[in-house]
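*Asks:* Input file: coords00.tsv. Contents: TSV, C-alpha atoms.
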```tsv
chain	number	residue	atom	x	y	z
A	1	MET	CA	86.09	-18.57	26.81
A	2	PRO	CA	88.97	-17.73	24.45
A	3	ALA	CA	88.57	-14.46	22.56
A	4	GLU	CA	88.63	-16.12	19.14
A	5	ASN	CA	85.69	-18.28	20.17
A	6	ALA	CA	83.73	-15.15	21.10
A	7	ASN	CA	84.51	-13.62	17.72
A	8	ALA	CA	83.60	-16.81	15.89
A	9	ALA	CA	80.41	-17.07	17.91
A	10	ALA	CA	79.55	-13.46	17.12
A	11	ARG	CA	79.70	-14.36	13.44
A	12	ARG	CA	77.98	-17.69	14.19
A	13	GLU	CA	80.77	-19.31	12.33
A	14	VAL	CA	83.04	-22.26	12.71
A	15	VAL	CA	86.29	-22.42	10.74
A	16	LEU	CA	88.33	-25.60	10.48
A	17	THR	CA	91.51	-26.27	8.57
A	18	ARG	CA	92.82	-29.72	7.89
A	19	ILE	CA	95.81	-31.05	5.93
A	20	ILE	CA	94.66	-34.10	4.02
A	21	ASP	CA	97.10	-36.65	2.71
A	22	ALA	CA	95.72	-36.73	-0.83
A	23	PRO	CA	96.09	-34.54	-3.95
A	24	ARG	CA	93.58	-31.74	-4.38
A	25	ALA	CA	91.72	-33.19	-7.38
A	26	LEU	CA	91.04	-36.39	-5.45
A	27	VAL	CA	89.82	-34.52	-2.37
A	28	PHE	CA	87.54	-32.35	-4.48
A	29	LYS	CA	86.09	-35.42	-6.19
A	30	ALA	CA	85.21	-36.90	-2.80
A	31	TRP	CA	82.84	-33.90	-2.36
A	32	ILE	CA	81.20	-33.80	-5.78
A	33	ASP	CA	80.87	-37.48	-6.68
A	34	PRO	CA	77.72	-38.73	-4.90
A	35	LYS	CA	79.07	-42.29	-4.61
A	36	ARG	CA	82.21	-41.02	-2.93
A	37	LEU	CA	80.42	-38.46	-0.78
A	38	ALA	CA	78.13	-41.18	0.58
A	39	LYS	CA	81.18	-43.08	1.85
A	40	TRP	CA	82.18	-40.44	4.39
A	41	TRP	CA	79.41	-37.87	4.95
A	42	GLY	CA	77.89	-37.66	8.41
A	43	PRO	CA	79.04	-38.64	11.88
A	44	LYS	CA	81.01	-41.82	12.45
A	45	GLY	CA	78.97	-45.00	12.10
A	46	PHE	CA	76.34	-43.30	9.93
A	47	THR	CA	75.57	-44.48	6.40
A	48	ASN	CA	73.94	-42.48	3.61
A	49	PRO	CA	71.30	-44.65	1.90
A	50	ARG	CA	70.23	-41.67	-0.18
A	51	CYS	CA	72.85	-39.27	-1.53
A	52	GLU	CA	71.74	-37.17	-4.49
A	53	ILE	CA	73.65	-34.08	-5.50
A	54	ASP	CA	73.15	-31.94	-8.57
A	55	VAL	CA	76.56	-30.31	-8.81
A	56	ARG	CA	75.93	-26.95	-10.49
A	57	PRO	CA	74.98	-23.51	-9.17
A	58	GLY	CA	71.39	-23.77	-7.92
A	59	GLY	CA	71.60	-27.57	-7.96
A	60	ALA	CA	69.89	-29.50	-5.16
A	61	ILE	CA	71.44	-31.65	-2.45
A	62	ARG	CA	69.42	-34.40	-0.80
A	63	ILE	CA	71.07	-36.76	1.66
A	64	ASP	CA	69.46	-39.17	4.11
A	65	MET	CA	71.88	-39.95	6.90
A	66	ARG	CA	71.13	-43.16	8.75
A	67	ALA	CA	72.32	-43.51	12.34
A	68	PRO	CA	73.60	-46.84	13.69
A	69	ASN	CA	70.29	-47.19	15.62
A	70	GLY	CA	68.32	-46.92	12.37
A	71	ILE	CA	67.04	-43.35	12.76
A	72	VAL	CA	67.21	-41.44	9.48
A	73	TYR	CA	68.27	-37.78	9.54
A	74	PRO	CA	67.39	-36.15	6.23
A	75	MET	CA	69.13	-33.03	4.99
A	76	THR	CA	68.82	-30.82	1.96
A	77	GLY	CA	70.90	-28.07	0.46
A	78	VAL	CA	71.66	-26.03	-2.62
A	79	PHE	CA	74.96	-25.52	-4.41
A	80	GLN	CA	75.87	-21.88	-4.83
A	81	GLU	CA	79.32	-21.96	-6.35
A	82	ILE	CA	81.51	-24.67	-7.81
A	83	ILE	CA	85.05	-23.82	-8.87
A	84	GLU	CA	86.80	-27.09	-9.55
A	85	PRO	CA	89.10	-27.96	-7.85
A	86	GLU	CA	89.43	-25.05	-5.45
A	87	ARG	CA	86.14	-23.89	-4.04
A	88	LEU	CA	82.71	-25.17	-3.14
A	89	VAL	CA	79.88	-23.13	-1.64
A	90	PHE	CA	76.59	-24.68	-0.60
A	91	THR	CA	73.80	-24.24	1.87
A	92	SER	CA	72.69	-27.17	4.00
A	93	ALA	CA	69.65	-27.65	6.17
A	94	ALA	CA	68.71	-30.44	8.53
A	95	LEU	CA	65.02	-31.36	8.34
A	96	ASP	CA	62.58	-32.36	11.07
A	97	GLY	CA	59.98	-35.14	10.75
A	98	GLU	CA	57.71	-32.88	8.70
A	99	GLY	CA	60.43	-31.81	6.33
A	100	LYS	CA	60.81	-28.36	7.85
A	101	PRO	CA	64.37	-27.05	8.22
A	102	LEU	CA	65.80	-27.10	11.78
A	103	PHE	CA	68.84	-25.06	10.97
A	104	GLU	CA	70.45	-23.72	7.85
A	105	ASN	CA	74.15	-23.38	7.24
A	106	LEU	CA	76.17	-21.69	4.57
A	107	ASN	CA	79.30	-23.73	3.92
A	108	LEU	CA	82.42	-22.48	2.15
A	109	ILE	CA	84.93	-25.20	1.42
A	110	THR	CA	88.36	-24.23	0.11
A	111	PHE	CA	90.85	-26.68	-1.38
A	112	ALA	CA	94.50	-25.57	-1.63
A	113	GLU	CA	97.51	-27.56	-2.78
A	114	HIS	CA	99.92	-28.36	0.00
A	115	GLY	CA	103.33	-29.99	0.36
A	116	ALA	CA	105.92	-30.96	-2.25
A	117	GLY	CA	104.37	-31.51	-5.67
A	118	GLY	CA	100.89	-30.92	-4.28
A	119	ALA	CA	100.75	-34.38	-2.71
A	120	GLN	CA	98.56	-33.00	0.07
A	121	THR	CA	95.59	-30.67	0.31
A	122	ARG	CA	94.84	-27.91	2.78
A	123	LEU	CA	91.10	-28.07	3.29
A	124	THR	CA	89.29	-25.20	4.97
A	125	VAL	CA	85.68	-25.43	6.07
A	126	GLN	CA	83.90	-22.24	6.96
A	127	ALA	CA	80.41	-23.04	8.21
A	128	ARG	CA	78.07	-20.20	9.08
A	129	VAL	CA	74.73	-20.78	10.75
A	130	GLN	CA	72.00	-18.67	9.17
A	131	HIS	CA	68.83	-19.89	10.84
A	132	GLU	CA	68.25	-22.10	13.78
A	133	THR	CA	64.99	-23.25	15.33
A	134	ALA	CA	64.30	-24.38	18.89
A	135	GLN	CA	64.20	-28.02	17.74
A	136	ALA	CA	67.76	-27.89	16.41
A	137	ALA	CA	69.36	-28.65	19.78
A	138	PRO	CA	67.67	-32.04	20.35
A	139	TYR	CA	68.41	-32.90	16.72
A	140	LEU	CA	72.11	-32.31	17.18
A	141	ALA	CA	71.97	-34.13	20.51
A	142	GLY	CA	70.39	-37.09	18.71
A	143	MET	CA	73.24	-37.22	16.24
A	144	GLU	CA	75.66	-37.23	19.13
A	145	GLU	CA	73.73	-40.07	20.71
A	146	GLY	CA	74.23	-42.03	17.50
A	147	TRP	CA	77.93	-41.56	17.86
A	148	THR	CA	77.91	-42.55	21.54
A	149	MET	CA	75.94	-45.68	20.68
A	150	THR	CA	78.56	-46.64	18.13
A	151	ILE	CA	81.23	-46.40	20.80
A	152	ASP	CA	79.09	-48.48	23.17
A	153	ARG	CA	78.64	-51.17	20.54
A	154	LEU	CA	82.31	-51.18	19.77
A	155	GLU	CA	83.09	-51.57	23.45
A	156	GLN	CA	80.60	-54.42	23.76
A	157	PHE	CA	82.14	-56.08	20.78
A	158	THR	CA	85.69	-55.79	21.99
A	159	THR	CA	84.92	-56.91	25.54
A	160	SER	CA	82.83	-59.92	24.46
A	161	ALA	CA	85.48	-61.08	21.99
B	1	MET	CA	69.20	-23.13	26.85
B	2	PRO	CA	66.32	-21.80	24.71
B	3	VAL	CA	67.39	-20.71	21.26
B	4	ASP	CA	65.97	-17.20	21.84
B	5	GLN	CA	68.43	-16.75	24.67
B	6	LEU	CA	71.26	-17.99	22.47
B	7	SER	CA	70.19	-15.58	19.73
B	8	SER	CA	70.21	-12.59	22.05
B	9	THR	CA	73.64	-13.64	23.32
B	10	PHE	CA	74.88	-13.79	19.73
B	11	ALA	CA	73.35	-10.44	18.91
B	12	ALA	CA	74.97	-8.89	21.98
B	13	LEU	CA	78.36	-10.33	21.01
B	14	ALA	CA	78.11	-9.08	17.43
B	15	ASP	CA	79.37	-5.61	18.42
B	16	PRO	CA	83.13	-5.00	18.92
B	17	THR	CA	82.56	-2.37	21.65
B	18	ARG	CA	80.46	-4.80	23.63
B	19	ARG	CA	83.07	-7.52	23.24
B	20	ALA	CA	85.71	-5.06	24.48
B	21	ILE	CA	83.52	-4.25	27.49
B	22	LEU	CA	83.25	-7.96	28.29
B	23	ALA	CA	87.00	-8.37	27.92
B	24	ARG	CA	87.54	-5.58	30.48
B	25	LEU	CA	84.99	-7.07	32.86
B	26	ALA	CA	86.88	-10.36	32.72
B	27	HIS	CA	89.43	-8.63	34.98
B	28	GLY	CA	86.84	-7.71	37.59
B	29	GLU	CA	83.94	-5.36	38.40
B	30	ARG	CA	83.93	-1.89	36.85
B	31	SER	CA	81.73	1.15	37.18
B	32	VAL	CA	80.01	2.64	34.12
B	33	THR	CA	82.40	5.61	34.21
B	34	GLU	CA	85.40	3.30	34.28
B	35	LEU	CA	84.02	1.32	31.36
B	36	ALA	CA	83.33	4.45	29.28
B	37	GLN	CA	86.88	5.80	29.61
B	38	PRO	CA	88.81	3.86	26.90
B	39	PHE	CA	86.05	4.16	24.31
B	40	GLU	CA	85.70	7.96	24.17
B	41	MET	CA	82.01	7.38	24.41
B	42	SER	CA	79.33	9.28	26.26
B	43	LEU	CA	77.83	7.75	29.39
B	44	PRO	CA	74.42	7.30	27.71
B	45	GLY	CA	76.21	5.62	24.78
B	46	ILE	CA	77.93	3.13	27.08
B	47	SER	CA	74.70	2.65	29.05
B	48	LYS	CA	72.97	1.53	25.86
B	49	HIS	CA	75.58	-1.16	25.28
B	50	LEU	CA	75.39	-2.24	28.91
B	51	LYS	CA	71.64	-2.62	28.64
B	52	VAL	CA	72.03	-4.94	25.64
B	53	LEU	CA	74.60	-6.98	27.54
B	54	GLU	CA	72.41	-7.11	30.62
B	55	ARG	CA	69.36	-8.22	28.64
B	56	ALA	CA	71.44	-10.98	27.06
B	57	GLY	CA	72.39	-12.08	30.58
B	58	LEU	CA	76.08	-11.47	29.83
B	59	ILE	CA	76.55	-8.99	32.66
B	60	ALA	CA	74.88	-8.22	35.98
B	61	ARG	CA	74.67	-4.82	37.69
B	62	GLY	CA	75.12	-4.48	41.43
B	63	ARG	CA	72.14	-3.07	43.34
B	64	GLU	CA	73.90	-2.47	46.63
B	65	ALA	CA	76.33	0.30	45.73
B	66	GLN	CA	75.40	3.75	44.44
B	67	TRP	CA	77.67	3.30	41.41
B	68	ARG	CA	76.08	-0.04	40.45
B	69	PRO	CA	79.21	-1.91	39.37
B	70	CYS	CA	79.02	-4.19	36.34
B	71	ARG	CA	80.29	-7.74	36.45
B	72	LEU	CA	80.59	-10.55	33.94
B	73	GLU	CA	78.12	-13.44	33.97
B	74	ALA	CA	79.85	-16.59	32.80
B	75	LYS	CA	76.94	-18.89	31.93
B	76	PRO	CA	75.75	-17.43	28.57
B	77	LEU	CA	79.34	-17.14	27.38
B	78	ARG	CA	79.85	-20.75	28.24
B	79	ASP	CA	76.68	-21.71	26.36
B	80	VAL	CA	77.89	-19.83	23.29
B	81	SER	CA	81.27	-21.48	23.59
B	82	ASP	CA	79.56	-24.89	23.85
B	83	TRP	CA	77.56	-24.06	20.77
B	84	VAL	CA	80.71	-23.24	18.79
B	85	GLU	CA	82.32	-26.43	20.06
B	86	HIS	CA	79.26	-28.36	19.01
B	87	TYR	CA	79.48	-27.25	15.40
B	88	ARG	CA	83.22	-27.68	15.40
B	89	ARG	CA	82.81	-31.30	16.48
B	90	PHE	CA	80.09	-31.78	13.88
B	91	TRP	CA	82.57	-30.87	11.16
B	92	GLU	CA	85.66	-32.43	12.76
B	93	GLU	CA	83.92	-35.79	12.62
B	94	ARG	CA	83.09	-35.43	8.95
B	95	LEU	CA	86.62	-34.42	8.08
B	96	ASP	CA	87.98	-37.40	10.05
B	97	ARG	CA	85.87	-39.67	7.92
B	98	LEU	CA	86.89	-37.89	4.70
B	99	ASP	CA	90.52	-38.30	5.68
B	100	ASP	CA	90.07	-42.02	6.44
B	101	TYR	CA	88.13	-42.57	3.24
B	102	LEU	CA	90.75	-40.91	1.03
B	103	ARG	CA	93.52	-42.88	2.70
B	104	GLU	CA	91.66	-46.11	1.99
B	105	LEU	CA	90.89	-45.09	-1.57
B	106	GLN	CA	94.53	-44.27	-2.31
B	107	ALA	CA	95.71	-47.53	-0.77
B	108	GLN	CA	93.27	-49.43	-2.98
B	109	GLN	CA	94.41	-47.55	-6.08
B	110	LYS	CA	98.04	-48.30	-5.28
B	111	GLU	CA	97.24	-51.97	-4.79
B	112	LYS	CA	95.45	-52.13	-8.13
B	113	LYS	CA	98.41	-50.54	-9.90
B	114	HIS	CA	100.73	-52.96	-8.19
B	115	ALA	CA	98.62	-55.98	-9.17
B	116	ARG	CA	98.54	-54.81	-12.77
B	117	ARG	CA	102.32	-54.48	-12.87
B	118	LYS	CA	102.72	-58.01	-11.52
B	119	ARG	CA	100.59	-59.50	-14.23
```
So, in terms of structure tokens, how does the structure I just supplied come out?
*Replies:*
Amino acid sequence: MPAENANAAARREVVLTRIIDAPRALVFKAWIDPKRLAKWWGPKGFTNPRCEIDVRPGGAIRIDMRAPNGIVYPMTGVFQEIIEPERLVFTSAALDGEGKPLFENLNLITFAEHGAGGAQTRLTVQARVQHETAQAAPYLAGMEEGWTMTIDRLEQFTTSA
Amino acid sequence: MPVDQLSSTFAALADPTRRAILARLAHGERSVTELAQPFEMSLPGISKHLKVLERAGLIARGREAQWRPCRLEAKPLRDVSDWVEHYRRFWEERLDRLDDYLRELQAQQKEKKHARRKR
């Protein structure tokens, strides 16, 4: 295992940086406008039939993610910090069938201007796991299954065409 | 792997001395004395760290030799690495979708502008 993975694991943290081909204000809006957020949140093939976000410190997040096989994965969260258009901090928790949290993350999202004239955005996601229960693993596995099923369906579609 | 095991692996990895010990063991077996050397630490001090690592299943101690050499156990480290990968993928997928969505949105906006100019 690479050393940086060990260090990241020790902090129970995942850090990702991505250059996005859109100006910062537009990228930020995709996170704080519920209609826009619903278009991309969740694994591939998932839709978000319920996407309610109260964008202010202490404001609630409630999203129901629907897998291609119809299973709904609800999640909740709370906004901690909103500095438009540069920083977003929120907690997120996946819920089990009884509405109890399976795991809880603290997410720090940073938006920085990038490229000539700020045509692009450097997005950094720092996700730290705070609590995790024994049921979290099958939950995550289920989400992966949803993704695999999408690929299967796509394959079926392309081979039958 | 049960989450308790994962938690104890995380807890064991949270200490820089213990991570340094693991890094040294990646090169092969070492005795406790050998491990203590670079850290200017007492043998009981090092032994405490080794116990934490052993309980987390990150190292194993030989029984055969008098000096009970320590060696690295790969499985828990791999599990932790898998866990990190898991969360990374979780977010990578979301960011892929965000990227696609914003591309689409900008293309639509450009088209609208273009259509308006034509009119």
*Asks:* Leaving out Ala26 (chain B) and any residue of its chain fewer than 5 positions from it, which residues lie within 9 Å of it when counting all atoms listed in the file, given as a list in words?
*Replies:* Ile21, Arg71 and Leu72 of chain B
*Asks:* For CA of Ala20 (chain B) and CA of Arg61 (chain B), determine how far apart the two atoms are, in Å to one decimal place.
*Replies:*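 These atoms are spaced 17.2 Å apart.
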*Asks:* Find, counting all atoms listed in the file, the residue in B:Ala74, B:Leu43, B:His27, B:Thr33 that gets nearest to chain A.
*Replies:*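 Looking at the shortest contact to chain A, the residue is B:Ala74.
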*Asks:* Listing only residues of chain B within 8 Å of chain A, what is the closest atom pair and its distance in Å (to one decimal) for each, using all atoms listed in the file, sorted by chain and residue number ascending, as JSON lines?
*Replies:*
```
{"residue": "B:Pro2", "atom": "CA", "partner": "A:Ala134", "partner_atom": "CA", "distance": 6.7}
{"residue": "B:Val3", "atom": "CA", "partner": "A:Ala134", "partner_atom": "CA", "distance": 5.4}
{"residue": "B:Asp4", "atom": "CA", "partner": "A:Ala134", "partner_atom": "CA", "distance": 7.9}
{"residue": "B:Phe10", "atom": "CA", "partner": "A:Ala10", "partner_atom": "CA", "distance": 5.4}
{"residue": "B:Ala11", "atom": "CA", "partner": "A:Ala10", "partner_atom": "CA", "distance": 7.1}
{"residue": "B:Leu13", "atom": "CA", "partner": "A:Ala10", "partner_atom": "CA", "distance": 5.1}
{"residue": "B:Ala14", "atom": "CA", "partner": "A:Ala10", "partner_atom": "CA", "distance": 4.6}
{"residue": "B:Asp15", "atom": "CA", "partner": "A:Ala10", "partner_atom": "CA", "distance": 8.0}
{"residue": "B:Arg19", "atom": "CA", "partner": "A:Ala6", "partner_atom": "CA", "distance": 8.0}
{"residue": "B:Leu77", "atom": "CA", "partner": "A:Met1", "partner_atom": "CA", "distance": 6.9}
{"residue": "B:Arg78", "atom": "CA", "partner": "A:Met1", "partner_atom": "CA", "distance": 6.8}
{"residue": "B:Val80", "atom": "CA", "partner": "A:Ala9", "partner_atom": "CA", "distance": 6.6}
{"residue": "B:Ser81", "atom": "CA", "partner": "A:Asn5", "partner_atom": "CA", "distance": 6.4}
{"residue": "B:Val84", "atom": "CA", "partner": "A:Ala9", "partner_atom": "CA", "distance": 6.2}
{"residue": "B:Tyr87", "atom": "CA", "partner": "A:Val14", "partner_atom": "CA", "distance": 6.7}
{"residue": "B:Arg88", "atom": "CA", "partner": "A:Val14", "partner_atom": "CA", "distance": 6.1}
{"residue": "B:Phe90", "atom": "CA", "partner": "A:Pro43", "partner_atom": "CA", "distance": 7.2}
{"residue": "B:Trp91", "atom": "CA", "partner": "A:Leu16", "partner_atom": "CA", "distance": 7.8}
{"residue": "B:Glu92", "atom": "CA", "partner": "A:Leu16", "partner_atom": "CA", "distance": 7.7}
{"residue": "B:Glu93", "atom": "CA", "partner": "A:Pro43", "partner_atom": "CA", "distance": 5.7}
{"residue": "B:Arg94", "atom": "CA", "partner": "A:Gly42", "partner_atom": "CA", "distance": 5.7}
{"residue": "B:Leu95", "atom": "CA", "partner": "A:Arg18", "partner_atom": "CA", "distance": 7.8}
{"residue": "B:Arg97", "atom": "CA", "partner": "A:Trp40", "partner_atom": "CA", "distance": 5.2}
{"residue": "B:Leu98", "atom": "CA", "partner": "A:Trp40", "partner_atom": "CA", "distance": 5.4}
{"residue": "B:Asp99", "atom": "CA", "partner": "A:Ile20", "partner_atom": "CA", "distance": 6.1}
{"residue": "B:Tyr101", "atom": "CA", "partner": "A:Trp40", "partner_atom": "CA", "distance": 6.4}
{"residue": "B:Leu102", "atom": "CA", "partner": "A:Ala22", "partner_atom": "CA", "distance": 6.8}
{"residue": "B:Arg103", "atom": "CA", "partner": "A:Asp21", "partner_atom": "CA", "distance": 7.2}
{"residue": "B:Gln106", "atom": "CA", "partner": "A:Ala22", "partner_atom": "CA", "distance": 7.8}
```
*Asks:* Can you spit out the residues from that selection as a PDB file, in the frame of the given file, using C-alpha atoms?
*Replies:*
```pdb
ATOM      1  CA  PRO B   2      66.320 -21.800  24.710  1.00  0.00           C
ATOM      2  CA  VAL B   3      67.390 -20.710  21.260  1.00  0.00           C
ATOM      3  CA  ASP B   4      65.970 -17.200  21.840  1.00  0.00           C
ATOM      4  CA  PHE B  10      74.880 -13.790  19.730  1.00  0.00           C
ATOM      5  CA  ALA B  11      73.350 -10.440  18.910  1.00  0.00           C
ATOM      6  CA  LEU B  13      78.360 -10.330  21.010  1.00  0.00           C
ATOM      7  CA  ALA B  14      78.110  -9.080  17.430  1.00  0.00           C
ATOM      8  CA  ASP B  15      79.370  -5.610  18.420  1.00  0.00           C
ATOM      9  CA  ARG B  19      83.070  -7.520  23.240  1.00  0.00           C
ATOM     10  CA  LEU B  77      79.340 -17.140  27.380  1.00  0.00           C
ATOM     11  CA  ARG B  78      79.850 -20.750  28.240  1.00  0.00           C
ATOM     12  CA  VAL B  80      77.890 -19.830  23.290  1.00  0.00           C
ATOM     13  CA  SER B  81      81.270 -21.480  23.590  1.00  0.00           C
ATOM     14  CA  VAL B  84      80.710 -23.240  18.790  1.00  0.00           C
ATOM     15  CA  TYR B  87      79.480 -27.250  15.400  1.00  0.00           C
ATOM     16  CA  ARG B  88      83.220 -27.680  15.400  1.00  0.00           C
ATOM     17  CA  PHE B  90      80.090 -31.780  13.880  1.00  0.00           C
ATOM     18  CA  TRP B  91      82.570 -30.870  11.160  1.00  0.00           C
ATOM     19  CA  GLU B  92      85.660 -32.430  12.760  1.00  0.00           C
ATOM     20  CA  GLU B  93      83.920 -35.790  12.620  1.00  0.00           C
ATOM     21  CA  ARG B  94      83.090 -35.430   8.950  1.00  0.00           C
ATOM     22  CA  LEU B  95      86.620 -34.420   8.080  1.00  0.00           C
ATOM     23  CA  ARG B  97      85.870 -39.670   7.920  1.00  0.00           C
ATOM     24  CA  LEU B  98      86.890 -37.890   4.700  1.00  0.00           C
ATOM     25  CA  ASP B  99      90.520 -38.300   5.680  1.00  0.00           C
ATOM     26  CA  TYR B 101      88.130 -42.570   3.240  1.00  0.00           C
ATOM     27  CA  LEU B 102      90.750 -40.910   1.030  1.00  0.00           C
ATOM     28  CA  ARG B 103      93.520 -42.880   2.700  1.00  0.00           C
ATOM     29  CA  GLN B 106      94.530 -44.270  -2.310  1.00  0.00           C
TER      30      GLN B 106
END
```
*Asks:* When you look at region 89-98 of chain A with a cut-off of 7 Å (counting all atoms listed in the file), what residues show up, excluding the ones that are within fewer than 4 positions of it in the same chain? I need them as a count of residues only.
*Replies:* 17
*Asks:* Could you tell me how far CA of Glu40 (chain B) lies from CA of Thr17 (chain B), in Å and to one decimal?
*Replies:* 11.1 Å
*Asks:* Any idea what the distance is between CA of Thr9 (chain B) and CA of Ser42 (chain B)?
*Replies:*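 Pair CA of Thr9 (chain B) / CA of Ser42 (chain B) returns 23.8 Å.
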*Asks:* Taking into account all atoms listed in the file, which residue in the set A:Ile63, A:Ala25, A:Ile71, A:Cys51 is nearest to Glu86 (chain A)?
*Replies:*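 The shortest atom-to-atom distance to Glu86 (chain A) comes from A:Ala25.
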*Asks:* Quick one: residues within 9 Å of His114 (chain A), all atoms listed in the file, excluding same-chain residues fewer than 3 positions away - as a ChimeraX atom specification?
*Replies:* /A:19-20,23-24,117-122
*Asks:* The centre and edge lengths of an axis-aligned box containing all atoms of region 61-69 of chain A present in the file, extended by 4 Å on each side, are to be given in Å to one decimal, as AutoDock Vina command-line options.
*Replies:*
```
--center_x 71.5 --center_y -39.4 --center_z 6.6 --size_x 12.2 --size_y 23.5 --size_z 26.1
```
*Asks:* Set the distance at 8 Å and use only C-alpha atoms: which residues neighbour Ile59 (chain B) once local chain neighbours fewer than 4 positions away are removed? I'd like the list as a list in words.
*Replies:* Leu50, Leu53, Glu54, Cys70, Arg71, Leu72 and Glu73 of chain B
*Asks:* Using only C-alpha atoms, find the one residue out of A:Arg66, A:Lys35, A:Arg87, A:Lys100 that sits nearest to Glu52 (chain A).
*Replies:*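 Under the stated criterion, the closest residue is A:Lys35.
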